[in-house]
file protein-v1.txt (compact mmCIF, C-alpha atoms)
# COMPACT_ATOMS: atom_id res chain seq x y z
CA MET A 52 0.00 0.00 0.00
CA ARG A 53 1.21 3.48 -0.81
CA LEU A 54 0.21 6.49 1.26
CA VAL A 55 1.04 10.10 0.48
CA VAL A 56 1.25 12.87 3.06
CA ALA A 57 0.58 16.21 1.33
CA SER A 58 -0.50 19.68 2.38
CA GLY A 59 -0.21 22.38 -0.24
CA LYS A 60 1.12 24.93 2.22
CA GLY A 61 4.70 24.46 3.29
CA GLY A 62 5.50 24.10 6.98
CA THR A 63 2.13 22.67 8.00
CA GLY A 64 3.60 19.44 9.39
CA LYS A 65 3.78 16.92 6.53
CA THR A 66 7.06 15.50 7.76
CA THR A 67 5.88 15.54 11.37
CA VAL A 68 2.88 13.41 10.40
CA ALA A 69 4.74 11.23 7.88
CA THR A 70 7.45 10.33 10.38
CA ALA A 71 4.89 9.62 13.13
CA LEU A 72 2.98 7.34 10.75
CA ALA A 73 6.17 5.59 9.66
CA GLN A 74 7.27 4.98 13.23
CA THR A 75 3.86 3.63 14.17
CA ALA A 76 3.52 1.50 11.07
CA ALA A 77 7.02 0.06 11.53
CA LEU A 78 5.66 -2.03 14.40
CA THR A 79 3.46 -4.04 12.03
CA TYR A 80 4.70 -3.37 8.51
CA ALA A 81 7.92 -3.28 6.57
CA VAL A 82 7.91 0.50 6.07
CA ARG A 83 9.58 2.42 3.31
CA LEU A 84 9.44 6.19 3.71
CA LEU A 85 10.18 8.21 0.57
CA ASP A 86 11.07 11.84 1.16
CA CYS A 87 9.78 13.30 -2.10
CA ASP A 88 10.65 16.91 -1.29
CA VAL A 89 13.75 16.71 -3.46
CA GLU A 90 14.51 20.43 -3.13
CA ALA A 91 14.71 20.24 0.65
CA PRO A 92 14.31 16.72 2.06
CA ASN A 93 14.17 16.83 5.86
CA ALA A 94 12.62 13.61 7.19
CA ALA A 95 16.17 12.45 7.92
CA LEU A 96 16.55 15.30 10.40
CA SER A 97 14.10 13.67 12.78
CA LEU A 98 14.53 9.98 11.90
CA HIS A 99 18.35 9.86 11.93
CA PRO A 100 18.98 7.10 9.37
CA GLN A 101 22.29 5.42 8.80
CA TRP A 102 22.77 6.17 5.09
CA SER A 103 24.00 3.04 3.35
CA SER A 104 23.57 3.84 -0.31
CA ALA A 105 23.78 6.85 -2.61
CA VAL A 106 22.75 6.51 -6.24
CA THR A 107 23.29 9.27 -8.80
CA VAL A 108 20.25 10.32 -10.82
CA THR A 109 20.80 11.50 -14.37
CA ARG A 110 18.66 12.86 -17.15
CA PRO A 111 19.50 12.72 -20.86
CA VAL A 112 20.58 15.90 -22.65
CA PRO A 113 21.43 16.22 -26.36
CA ARG A 114 24.93 16.75 -27.67
CA VAL A 115 25.83 17.71 -31.24
CA ASP A 116 28.53 16.28 -33.48
CA ALA A 117 29.64 19.50 -35.18
CA THR A 118 31.32 17.58 -38.02
CA ARG A 119 27.98 16.10 -39.13
CA CYS A 120 25.63 19.00 -38.25
CA THR A 121 24.50 21.10 -41.22
CA ALA A 122 22.65 23.64 -39.02
CA CYS A 123 19.40 22.77 -40.81
CA GLY A 124 17.44 23.82 -37.73
CA ARG A 125 15.06 20.83 -37.51
CA CYS A 126 16.10 20.08 -33.91
CA ALA A 127 15.26 23.59 -32.70
CA GLU A 128 11.97 23.54 -34.64
CA VAL A 129 10.71 20.38 -32.92
CA CYS A 130 11.90 21.32 -29.42
CA GLN A 131 8.87 22.22 -27.29
CA PHE A 132 11.01 23.79 -24.59
CA ASN A 133 13.23 26.20 -26.57
CA ALA A 134 16.23 24.24 -25.32
CA LEU A 135 17.95 24.42 -28.70
CA ALA A 136 18.94 27.37 -30.85
CA VAL A 137 20.37 27.03 -34.34
CA VAL A 138 22.13 30.30 -35.08
CA GLY A 139 25.42 31.35 -36.61
CA GLY A 140 25.89 27.98 -38.31
CA GLY A 141 25.83 25.92 -35.13
CA VAL A 142 23.55 24.51 -32.43
CA LEU A 143 23.37 25.90 -28.90
CA VAL A 144 22.03 23.47 -26.29
CA PHE A 145 20.53 24.84 -23.07
CA ASP A 146 20.56 21.91 -20.64
CA ASP A 147 18.46 23.84 -18.09
CA LEU A 148 15.52 23.99 -20.48
CA CYS A 149 15.78 20.42 -21.82
CA HIS A 150 13.21 17.89 -20.63
CA GLY A 151 15.04 14.97 -22.21
CA CYS A 152 12.24 14.00 -24.59
CA GLY A 153 14.68 12.95 -27.34
CA ARG A 154 12.75 14.52 -30.23
CA CYS A 155 15.80 16.41 -31.50
CA VAL A 156 17.89 13.23 -31.68
CA TRP A 157 15.10 11.40 -33.44
CA ILE A 158 14.41 14.13 -36.03
CA CYS A 159 18.03 14.98 -36.95
CA PRO A 160 18.43 14.04 -40.64
CA GLU A 161 22.21 13.90 -40.34
CA GLN A 162 22.21 11.73 -37.19
CA ALA A 163 24.45 14.39 -35.71
CA MET A 164 22.83 14.30 -32.26
CA HIS A 165 23.02 11.85 -29.40
CA GLU A 166 22.07 11.96 -25.74
CA GLU A 167 24.41 11.98 -22.78
CA PRO A 168 23.50 11.55 -19.11
CA LEU A 169 23.66 14.70 -17.00
CA ALA A 170 23.86 14.20 -13.23
CA VAL A 171 20.98 16.12 -11.61
CA GLY A 172 20.75 14.63 -8.15
CA GLN A 173 20.98 11.55 -6.01
CA ILE A 174 18.97 9.14 -3.93
CA ASP A 175 20.23 8.42 -0.43
CA ALA A 176 18.86 5.45 1.43
CA GLY A 177 19.36 3.74 4.75
CA TYR A 178 17.61 2.29 7.78
CA THR A 179 16.55 4.36 10.77
CA PRO A 180 17.03 3.00 14.32
CA ASP A 181 13.35 2.00 14.33
CA GLY A 182 13.76 -0.15 11.23
CA ILE A 183 12.24 2.20 8.67
CA LEU A 184 13.89 2.20 5.27
CA LEU A 185 14.19 5.90 4.48
CA ALA A 186 15.03 7.06 0.96
CA GLN A 187 15.34 10.70 0.00
CA GLY A 188 15.75 12.38 -3.35
CA LEU A 189 18.21 15.24 -3.37
CA LEU A 190 18.29 17.65 -6.29
CA ARG A 191 21.74 18.95 -7.17
CA ILE A 192 22.21 22.65 -6.44
CA GLY A 193 21.67 24.75 -9.56
CA GLN A 194 19.45 22.18 -11.27
CA PRO A 195 16.08 23.71 -12.11
CA MET A 196 13.93 20.55 -12.43
CA GLY A 197 13.25 18.12 -9.62
CA MET A 198 10.99 15.76 -11.57
CA PRO A 199 13.69 13.35 -12.82
CA VAL A 200 14.93 12.86 -9.24
CA LEU A 201 11.39 12.38 -7.97
CA ARG A 202 10.59 9.81 -10.67
CA ALA A 203 13.79 7.92 -9.90
CA LEU A 204 12.90 7.96 -6.20
CA LYS A 205 9.47 6.45 -6.89
CA ARG A 206 11.14 3.65 -8.87
CA TRP A 207 13.85 3.15 -6.28
CA PRO A 208 15.55 0.72 -5.89
CA THR A 209 13.95 -1.02 -8.88
CA ALA A 210 10.50 -1.07 -10.39
CA ALA A 211 10.03 -4.76 -9.45
CA ALA A 212 10.90 -4.10 -5.82
CA LEU A 213 7.84 -1.89 -5.46
CA ASP A 214 5.57 -4.89 -5.39
CA ALA A 215 7.64 -7.07 -3.12
CA PRO A 216 8.73 -6.62 0.49
CA PHE A 217 12.14 -5.01 0.36
CA SER A 218 13.67 -6.97 3.21
CA ASP A 219 12.99 -9.71 5.64
CA ALA A 220 11.40 -11.83 2.94
CA GLU A 221 10.77 -14.64 5.44
CA SER A 222 8.49 -12.56 7.63
CA ALA A 223 4.84 -11.96 7.03
CA HIS A 224 5.37 -8.19 7.07
CA THR A 225 3.79 -6.52 4.12
CA LEU A 226 5.22 -3.43 2.56
CA LEU A 227 3.83 -0.03 3.39
CA GLU A 228 5.20 2.87 1.43
CA ILE A 229 4.75 6.38 2.82
CA ARG A 230 5.59 9.30 0.57
CA ASP A 231 6.30 12.63 2.20
CA ALA A 232 5.19 15.06 -0.54
CA PRO A 233 6.83 18.37 -1.42
CA PRO A 234 4.85 21.52 -0.60
CA GLY A 235 2.83 23.26 -3.27
CA ALA A 236 0.24 22.07 -5.75
CA SER A 237 2.19 21.73 -8.99
CA CYS A 238 3.83 18.93 -11.00
CA PRO A 239 6.00 17.42 -8.24
CA VAL A 240 2.98 17.06 -5.96
CA VAL A 241 0.92 15.47 -8.73
CA GLU A 242 3.80 13.10 -9.50
CA THR A 243 4.09 12.17 -5.81
CA LEU A 244 0.35 11.43 -5.69
CA ARG A 245 0.31 9.40 -8.89
CA GLY A 246 0.12 5.69 -8.17
CA ALA A 247 -0.81 6.18 -4.50
CA ASP A 248 -3.66 4.34 -2.77
CA ALA A 249 -4.60 7.01 -0.21
CA VAL A 250 -3.71 10.52 0.87
CA ILE A 251 -3.32 12.22 4.21
CA LEU A 252 -3.81 15.96 3.93
CA VAL A 253 -2.10 17.93 6.67
CA THR A 254 -3.42 21.42 7.20
CA GLU A 255 -3.59 24.14 9.83
CA PRO A 256 -6.56 26.35 10.74
CA THR A 257 -5.22 29.51 9.12
CA ALA A 258 -6.34 31.26 5.94
CA PHE A 259 -3.15 30.03 4.27
CA GLY A 260 -3.68 26.45 5.42
CA LEU A 261 -7.26 26.39 4.14
CA HIS A 262 -6.43 28.11 0.84
CA ASP A 263 -3.69 25.63 0.01
CA LEU A 264 -5.72 22.67 1.28
CA ARG A 265 -8.39 23.52 -1.29
CA GLN A 266 -5.81 23.37 -4.06
CA VAL A 267 -4.49 19.96 -3.09
CA VAL A 268 -8.01 18.62 -2.54
CA GLY A 269 -8.72 19.62 -6.15
CA ILE A 270 -5.81 17.48 -7.34
CA VAL A 271 -6.69 14.56 -5.08
CA GLN A 272 -10.29 14.57 -6.32
CA GLU A 273 -9.14 14.76 -9.93
CA LEU A 274 -6.98 11.68 -9.30
CA GLY A 275 -9.86 9.95 -7.51
CA LEU A 276 -7.89 9.15 -4.37
CA PRO A 277 -9.43 8.63 -0.92
CA ALA A 278 -8.20 11.24 1.56
CA TRP A 279 -8.10 11.88 5.29
CA VAL A 280 -7.35 15.22 6.93
CA VAL A 281 -5.00 15.93 9.83
CA ILE A 282 -5.29 19.35 11.46
CA ASN A 283 -1.94 20.35 12.87
CA ARG A 284 -1.33 23.29 15.22
CA ASP A 285 -5.00 23.11 16.08
CA GLY A 286 -5.91 26.36 17.82
CA ILE A 287 -3.46 28.59 15.93
CA GLY A 288 -6.30 30.21 13.98
CA THR A 289 -9.98 30.10 13.25
CA ALA A 290 -10.14 29.20 9.56
CA PRO A 291 -13.21 27.00 9.00
CA ILE A 292 -11.35 23.81 8.12
CA ALA A 293 -14.00 21.55 9.66
CA GLU A 294 -16.80 23.20 7.65
CA TYR A 295 -14.81 22.88 4.45
CA CYS A 296 -14.02 19.21 5.14
CA ALA A 297 -17.67 18.48 5.88
CA GLU A 298 -18.65 20.13 2.60
CA GLN A 299 -16.14 18.01 0.70
CA GLY A 300 -16.92 14.81 2.60
CA LEU A 301 -13.38 14.63 3.96
CA PRO A 302 -12.98 12.94 7.34
CA ILE A 303 -10.83 14.76 9.91
CA ALA A 304 -8.85 11.86 11.30
CA LEU A 305 -6.53 13.58 13.76
CA ARG A 306 -5.99 16.92 15.47
CA ILE A 307 -2.61 17.88 16.89
CA PRO A 308 -2.93 20.95 19.11
CA LEU A 309 -0.59 23.91 19.01
CA GLU A 310 1.85 23.23 21.82
CA ARG A 311 5.15 24.88 22.54
CA ARG A 312 6.77 21.64 23.76
CA LEU A 313 6.01 19.95 20.40
CA ALA A 314 7.50 22.85 18.44
CA GLU A 315 10.61 22.78 20.63
CA ALA A 316 11.09 19.03 20.24
CA LEU A 317 10.64 19.13 16.45
CA ALA A 318 13.07 22.04 16.19
CA ARG A 319 15.63 19.89 18.02
CA GLY A 320 15.22 17.04 15.53
CA ARG A 321 13.05 14.82 17.73
CA PRO A 322 10.09 13.18 16.02
CA LEU A 323 6.58 13.85 17.30
CA LEU A 324 6.14 10.47 18.97
CA ASP A 325 9.40 10.80 20.91
CA ALA A 326 8.28 14.12 22.32
CA ALA A 327 4.66 13.14 22.80
CA PRO A 328 4.27 9.33 22.97
CA GLU A 329 0.66 9.82 24.07
CA TYR A 330 -0.16 10.47 20.38
CA ARG A 331 0.85 6.95 19.38
CA PRO A 332 -2.64 5.41 19.83
CA ALA A 333 -4.24 8.22 17.81
CA VAL A 334 -1.69 7.81 15.01
CA GLN A 335 -2.25 4.03 15.15
CA THR A 336 -6.00 4.63 14.78
CA LEU A 337 -5.37 6.96 11.84
CA LEU A 338 -3.27 4.29 10.16
CA GLU A 339 -5.86 1.56 10.77
CA GLN A 340 -8.64 3.81 9.50
CA ILE A 341 -6.77 4.42 6.26
CA VAL A 342 -5.72 0.80 5.76
CA SER A 343 -9.25 -0.49 6.30
CA GLY A 344 -10.70 2.42 4.30
CA VAL A 345 -8.56 1.56 1.30
CA ALA A 346 -9.20 -2.17 1.60
CA ALA A 347 -12.97 -1.61 1.77
CA MET I 161 21.43 46.60 -41.81
CA LYS I 162 18.28 45.67 -39.94
CA LEU I 163 17.52 46.86 -36.40
CA ALA I 164 14.94 45.21 -34.11
CA ILE I 165 13.24 47.20 -31.34
CA SER I 166 11.14 45.44 -28.69
CA MET I 167 7.69 47.06 -28.69
CA THR I 168 4.45 46.93 -26.71
CA GLY I 169 2.32 48.44 -29.48
CA GLU I 170 1.90 48.24 -33.18
CA SER I 171 3.79 51.25 -34.53
CA LEU I 172 7.11 52.95 -33.92
CA ASP I 173 5.27 55.65 -31.97
CA ALA I 174 3.93 53.11 -29.47
CA PRO I 175 5.74 52.55 -26.16
CA PHE I 176 8.93 50.57 -26.27
CA ASP I 177 8.87 47.17 -24.41
CA ALA I 178 11.73 46.85 -21.94
CA ARG I 179 11.43 43.05 -21.97
CA PHE I 180 13.25 41.12 -24.67
CA GLY I 181 12.03 37.50 -24.66
CA ARG I 182 8.49 38.43 -23.67
CA ALA I 183 8.11 41.60 -25.72
CA ALA I 184 4.73 41.76 -27.44
CA GLN I 185 6.37 42.38 -30.80
CA PHE I 186 9.45 43.56 -32.59
CA CYS I 187 9.69 46.48 -34.96
CA LEU I 188 12.22 45.62 -37.67
CA VAL I 189 13.63 48.86 -39.05
CA GLU I 190 16.13 49.67 -41.78
CA PRO I 191 17.59 52.87 -40.33
CA GLU I 192 18.82 54.13 -43.71
CA SER I 193 15.41 54.05 -45.37
CA GLY I 194 13.19 54.17 -42.29
CA VAL I 195 11.23 51.19 -43.64
CA CYS I 196 9.57 49.48 -40.73
CA GLU I 197 7.98 46.05 -40.45
CA LEU I 198 6.19 44.65 -37.42
CA VAL I 199 6.69 41.03 -36.31
CA ALA I 200 4.67 39.47 -33.48
CA ASN I 201 6.81 37.68 -30.92
CA PRO I 202 5.72 34.03 -30.75
CA ALA I 203 7.84 33.57 -27.61
CA ARG I 204 5.90 36.04 -25.48
CA ASP I 205 3.82 33.30 -23.84
CA ALA I 206 6.41 30.51 -23.90
CA SER I 207 6.60 28.53 -20.67
CA GLY I 208 10.38 28.77 -20.79
CA GLY I 209 13.19 29.76 -23.10
CA ALA I 210 11.37 32.84 -24.41
CA GLY I 211 14.64 34.72 -24.92
CA VAL I 212 16.12 31.82 -26.90
CA GLN I 213 13.09 31.67 -29.19
CA ALA I 214 12.91 35.45 -29.67
CA ALA I 215 16.62 35.60 -30.52
CA GLN I 216 16.18 32.85 -33.12
CA LEU I 217 13.27 34.74 -34.63
CA LEU I 218 15.42 37.84 -35.04
CA ALA I 219 18.28 35.77 -36.50
CA SER I 220 15.91 34.22 -39.04
CA GLN I 221 14.74 37.73 -40.04
CA GLY I 222 18.30 38.83 -40.80
CA VAL I 223 18.44 41.28 -37.89
CA THR I 224 21.93 42.57 -37.04
CA ALA I 225 21.22 44.63 -33.91
CA VAL I 226 18.46 44.76 -31.31
CA VAL I 227 17.39 47.38 -28.77
CA SER I 228 15.66 46.20 -25.59
CA GLY I 229 15.73 46.85 -21.87
CA ALA I 230 17.49 43.74 -20.59
CA TYR I 231 18.82 40.37 -21.79
CA GLY I 232 18.85 37.12 -19.83
CA PRO I 233 21.80 34.74 -20.05
CA LYS I 234 20.29 32.41 -22.64
CA ALA I 235 18.94 35.26 -24.80
CA TRP I 236 22.30 37.01 -24.71
CA LYS I 237 24.21 33.84 -25.59
CA THR I 238 21.88 33.12 -28.53
CA LEU I 239 22.08 36.70 -29.84
CA HIS I 240 25.85 36.63 -29.48
CA ALA I 241 26.17 33.33 -31.37
CA ALA I 242 23.92 34.76 -34.08
CA GLY I 243 26.14 37.81 -34.40
CA ILE I 244 23.35 40.18 -33.35
CA ARG I 245 24.45 43.21 -31.30
CA ALA I 246 22.40 43.51 -28.09
CA LEU I 247 21.85 47.19 -27.27
CA LEU I 248 20.42 48.50 -24.02
CA ALA I 249 17.90 51.28 -23.65
CA PRO I 250 19.14 53.79 -21.06
CA ASP I 251 17.42 53.83 -17.66
CA SER I 252 14.69 56.41 -17.81
CA ALA I 253 11.75 57.51 -15.69
CA HIS I 254 9.41 57.61 -18.68
CA THR I 255 8.82 54.79 -21.15
CA PRO I 256 10.32 55.86 -24.46
CA THR I 257 8.61 55.24 -27.79
CA GLY I 258 10.15 52.99 -30.41
CA ARG I 259 10.96 56.08 -32.48
CA GLU I 260 13.00 57.60 -29.64
CA MET I 261 14.98 54.35 -29.45
CA LEU I 262 15.59 54.49 -33.19
CA GLU I 263 16.82 58.09 -32.88
CA GLN I 264 19.19 57.15 -30.07
CA PHE I 265 20.45 54.22 -32.10
CA CYS I 266 21.15 56.48 -35.09
CA ALA I 267 22.89 58.99 -32.78
CA GLY I 268 25.10 56.15 -31.55
CA THR I 269 24.33 56.75 -27.88
CA LEU I 270 23.08 53.28 -26.97
CA ARG I 271 25.31 51.06 -24.87
CA GLU I 272 25.96 47.48 -25.99
CA ALA I 273 25.33 44.66 -23.49
CA ASP I 274 28.61 42.76 -23.25
CA ALA I 275 27.03 40.10 -21.03
CA ALA I 276 23.59 39.10 -19.77
CA SER I 277 22.01 41.95 -17.82
CA HIS I 278 20.38 39.68 -15.20
CA ASP I 279 20.08 36.07 -14.11
CA GLY I 280 17.63 33.82 -15.89
CA HIS I 281 13.99 33.55 -14.96
CA HIS I 282 13.81 29.80 -15.39
CA GLY I 283 13.33 27.40 -12.52
CA GLY I 284 10.84 29.27 -10.36
call {"tool": "encode", "arguments": {"input": "protein-v1.txt", "output": "C-alpha cells"}}
result
Amino acid sequence: MRLVVASGKGGTGKTTVATALAQTAALTYAVRLLDCDVEAPNAALSLHPQWSSAVTVTRPVPRVDATRCTACGRCAEVCQFNALAVVGGGVLVFDDLCHGCGRCVWICPEQAMHEEPLAVGQIDAGYTPDGILLAQGLLRIGQPMGMPVLRALKRWPTAAALDAPFSDAESAHTLLEIRDAPPGASCPVVETLRGADAVILVTEPTAFGLHDLRQVVGIVQELGLPAWVVINRDGIGTAPIAEYCAEQGLPIALRIPLERRLAEALARGRPLLDAAPEYRPAVQTLLEQIVSGVAA
Amino acid sequence: MKLAISMTGESLDAPFDARFGRAAQFCLVEPESGVCELVANPARDASGGAGVQAAQLLASQGVTAVVSGAYGPKAWKTLHAAGIRALLAPDSAHTPTGREMLEQFCAGTLREADAASHDGHHGG
C-alpha cells in the first residue's frame, strides 16, 4: 500500500505526520518512507537514518557532433522547450531547459545528435534505528527541475521491488510505502500522488492552510484518491477547516494541538512520537482507518 | 542593416517594451530608409526559453542589432552566437517610444550589453 502525506502549504507538518505514521507503522509493517521533497528533504533530520547507499540520478541531454551538423534547424523547430537554438551555423544546447524528450535526436536528418547523461541529483537510502527504510531524493544545487529525481525515487531501488517486500522476505510483514510530498500544488505534488492508494492531507486552521488545502483537494479529487485530513497546530487560527471538510466529505482523522513543547522538540530534531508518545494510539488509529478504508 | 526594437504596441510611436524575450512584438527597421515592419513575438507566452526563441526569430529575419531593456543569459548567448548586437535602452523615468529608441540608435548613444544583464527567470 502506498500512502502520500501532502499539504499544499509548506511548513504545516507533513514531515511531522509522515514520520509519526512511519514509526507507528514500523511495528506491524515493513515500512519504506520516501522523502519526495527533493529540493529540501528533511525527514532524515528527525529519523536519523544510517545512510547506506547513494545513487546518482541523471537525465539525458542532447549533444551535437559538429562535423555532421548542417545547421538545418530541424532540432530547434521540434523542441517544445526552446532548449535548442540554431544560429550562426551551429547549435546551442541549453541543458536547463531540456526535458530529455529525445525529439531532436530522433528528427536529426544527419544523425548528428546523441544523448548523454547529466547528473541532476541523487537518492540516499538507509535504515533508521526504528527499522524504517528511508530514501530521500536530493536535487543537485543549480538544477532547475526536480521531476527526474522524484521519478527515480518512486522507482527506487527497482520497479520490481515496489511490489515485493524489500527486506525480511521470510516474515509476514507486508510493505507499506509512505511518501512525504513536497509543498505546493504543482507537477512534483501530482507526481508524488500518482500511483498512490490514499492521501493524508495535513493542514492548519489559518487562511493560508485552508487556501492551500483547497488546491491539493482539487488534485486529489481529480486523481480519484481517498483522503483523510490531519489538522496540525490546532488552535493557531480560526479558519473553517471543519466546515470545508464536511462540505467536501473529507474525514478529519486527527488533530494535533498547538503546543510549545512539540515545536521545541521538532526544532531539536526529535520526532513527534518521541516528544509526545501519548499520540501513538491516535496515530495508530489513523493508520488503521486508512488501511481499512482503502481495503474496503 | 536591420535593427529590431522590442515594442508593446503596433507602430514605432507606441511605447517601447523593456522586456526582450516576452516583448509583445518587434519592430524591424532599416535605419537608412526608415522602412519598418512589425513582427509578433511568438515567444511572449512561452513557458520557458522565451529569450532563446525570440533571438532565433530575429536571426531568421536577418536582424543585425536589437534594442531592448534587458537580456537574460540564454537570450544574450543566442544573440551573441547569431552575431546580433544587443543594445540596451538607457534607464529612464518615462517609457520611451520605439521612435526615440531608433533616434538614439542612429545617434550612436546606446550602450551594448557585453554580457547578460540579469540572471535567468527559469526554474521558479
call {"tool": "residues_around", "arguments": {"input": "protein-v1.txt", "residues": "Val334 in chain A", "least_positions_apart": "4", "cutoff": "10 Å", "atoms": "only C-alpha atoms", "output": "PyMOL selection string"}}
result
chain A and resi 68+71-76+304-305+324+329-330+338-340
call {"tool": "residues_near_point", "arguments": {"input": "protein-v1.txt", "point": "(18.5, 37.6, -33.3)", "cutoff": "10 Å", "atoms": "only C-alpha atoms", "output": "number ranges by chain"}}
result
A: 138-139; I: 163-164, 211-226, 235-236, 238-246
call {"tool": "closest_residue", "arguments": {"input": "protein-v1.txt", "among": "I:Ala210, I:Ala174, I:Val199, I:Ala275", "to": "chain A", "atoms": "all atoms listed in the file"}}
result
I:Ala210
call {"tool": "closest_residue", "arguments": {"input": "protein-v1.txt", "among": "I:Asp177, I:Asp205, I:Glu197, I:Glu272", "to": "chain A", "atoms": "all atoms listed in the file"}}
result
I:Asp205
call {"tool": "closest_atom_pairs", "arguments": {"input": "protein-v1.txt", "of": "chain A", "to": "chain I", "cutoff": "7 Å", "atoms": "all atoms listed in the file", "output": "tab-separated table"}}
result
residue	atom	partner	partner_atom	distance
A:Phe132	CA	I:Gly208	CA	6.3
A:Asn133	CA	I:Gly209	CA	5.0
A:Ala134	CA	I:Gly209	CA	6.7
A:Ala136	CA	I:Gln216	CA	6.5
A:Val138	CA	I:Ala242	CA	4.9
A:Gly139	CA	I:Ala242	CA	4.5
A:Leu148	CA	I:Gly209	CA	6.8
A:Pro195	CA	I:Gly283	CA	4.6
A:Met196	CA	I:Gly283	CA	6.9
call {"tool": "atom_distance", "arguments": {"input": "protein-v1.txt", "atom1": "CA of Gly124 in chain A", "atom2": "CA of Val142 in chain A"}}
result
8.1 Å
call {"tool": "atom_distance", "arguments": {"input": "protein-v1.txt", "atom1": "CA of Pro308 in chain A", "atom2": "CA of Ala346 in chain A"}}
result
29.7 Å
call {"tool": "build_atoms", "arguments": {"input": "protein-v1.txt", "residues": "range 66-81 of chain A", "atoms": "N, CA and C atoms", "output": "mmCIF file, in the frame of the given file"}}
result
data_model
loop_
_atom_site.group_PDB
_atom_site.id
_atom_site.type_symbol
_atom_site.label_atom_id
_atom_site.label_comp_id
_atom_site.auth_asym_id
_atom_site.auth_seq_id
_atom_site.Cartn_x
_atom_site.Cartn_y
_atom_site.Cartn_z
ATOM 1 N N THR A 66 6.002 16.417 7.311
ATOM 2 C CA THR A 66 7.060 15.500 7.760
ATOM 3 C C THR A 66 6.804 15.039 9.187
ATOM 4 N N THR A 67 6.240 15.918 10.002
ATOM 5 C CA THR A 67 5.880 15.540 11.370
ATOM 6 C C THR A 67 4.907 14.357 11.336
ATOM 7 N N VAL A 68 3.899 14.466 10.475
ATOM 8 C CA VAL A 68 2.880 13.410 10.400
ATOM 9 C C VAL A 68 3.443 12.168 9.703
ATOM 10 N N ALA A 69 4.205 12.374 8.632
ATOM 11 C CA ALA A 69 4.740 11.230 7.880
ATOM 12 C C ALA A 69 5.679 10.399 8.746
ATOM 13 N N THR A 70 6.514 11.078 9.542
ATOM 14 C CA THR A 70 7.450 10.330 10.380
ATOM 15 C C THR A 70 6.708 9.625 11.515
ATOM 16 N N ALA A 71 5.673 10.257 12.063
ATOM 17 C CA ALA A 71 4.890 9.620 13.130
ATOM 18 C C ALA A 71 4.187 8.373 12.580
ATOM 19 N N LEU A 72 3.636 8.490 11.379
ATOM 20 C CA LEU A 72 2.980 7.340 10.750
ATOM 21 C C LEU A 72 3.979 6.225 10.496
ATOM 22 N N ALA A 73 5.150 6.601 9.987
ATOM 23 C CA ALA A 73 6.170 5.590 9.660
ATOM 24 C C ALA A 73 6.601 4.863 10.918
ATOM 25 N N GLN A 74 6.820 5.623 11.991
ATOM 26 C CA GLN A 74 7.270 4.980 13.230
ATOM 27 C C GLN A 74 6.207 4.060 13.804
ATOM 28 N N THR A 75 4.954 4.469 13.673
ATOM 29 C CA THR A 75 3.860 3.630 14.170
ATOM 30 C C THR A 75 3.696 2.391 13.300
ATOM 31 N N ALA A 76 3.726 2.621 11.996
ATOM 32 C CA ALA A 76 3.520 1.500 11.070
ATOM 33 C C ALA A 76 4.653 0.490 11.144
ATOM 34 N N ALA A 77 5.859 0.955 11.513
ATOM 35 C CA ALA A 77 7.020 0.060 11.530
ATOM 36 C C ALA A 77 6.851 -1.091 12.523
ATOM 37 N N LEU A 78 5.904 -0.958 13.446
ATOM 38 C CA LEU A 78 5.660 -2.030 14.400
ATOM 39 C C LEU A 78 4.965 -3.219 13.743
ATOM 40 N N THR A 79 4.212 -2.951 12.662
ATOM 41 C CA THR A 79 3.460 -4.040 12.030
ATOM 42 C C THR A 79 3.757 -4.228 10.544
ATOM 43 N N TYR A 80 4.418 -3.277 9.943
ATOM 44 C CA TYR A 80 4.700 -3.370 8.510
ATOM 45 C C TYR A 80 6.195 -3.223 8.256
ATOM 46 N N ALA A 81 6.603 -3.665 7.073
ATOM 47 C CA ALA A 81 7.920 -3.280 6.570
ATOM 48 C C ALA A 81 7.695 -1.912 5.914
#
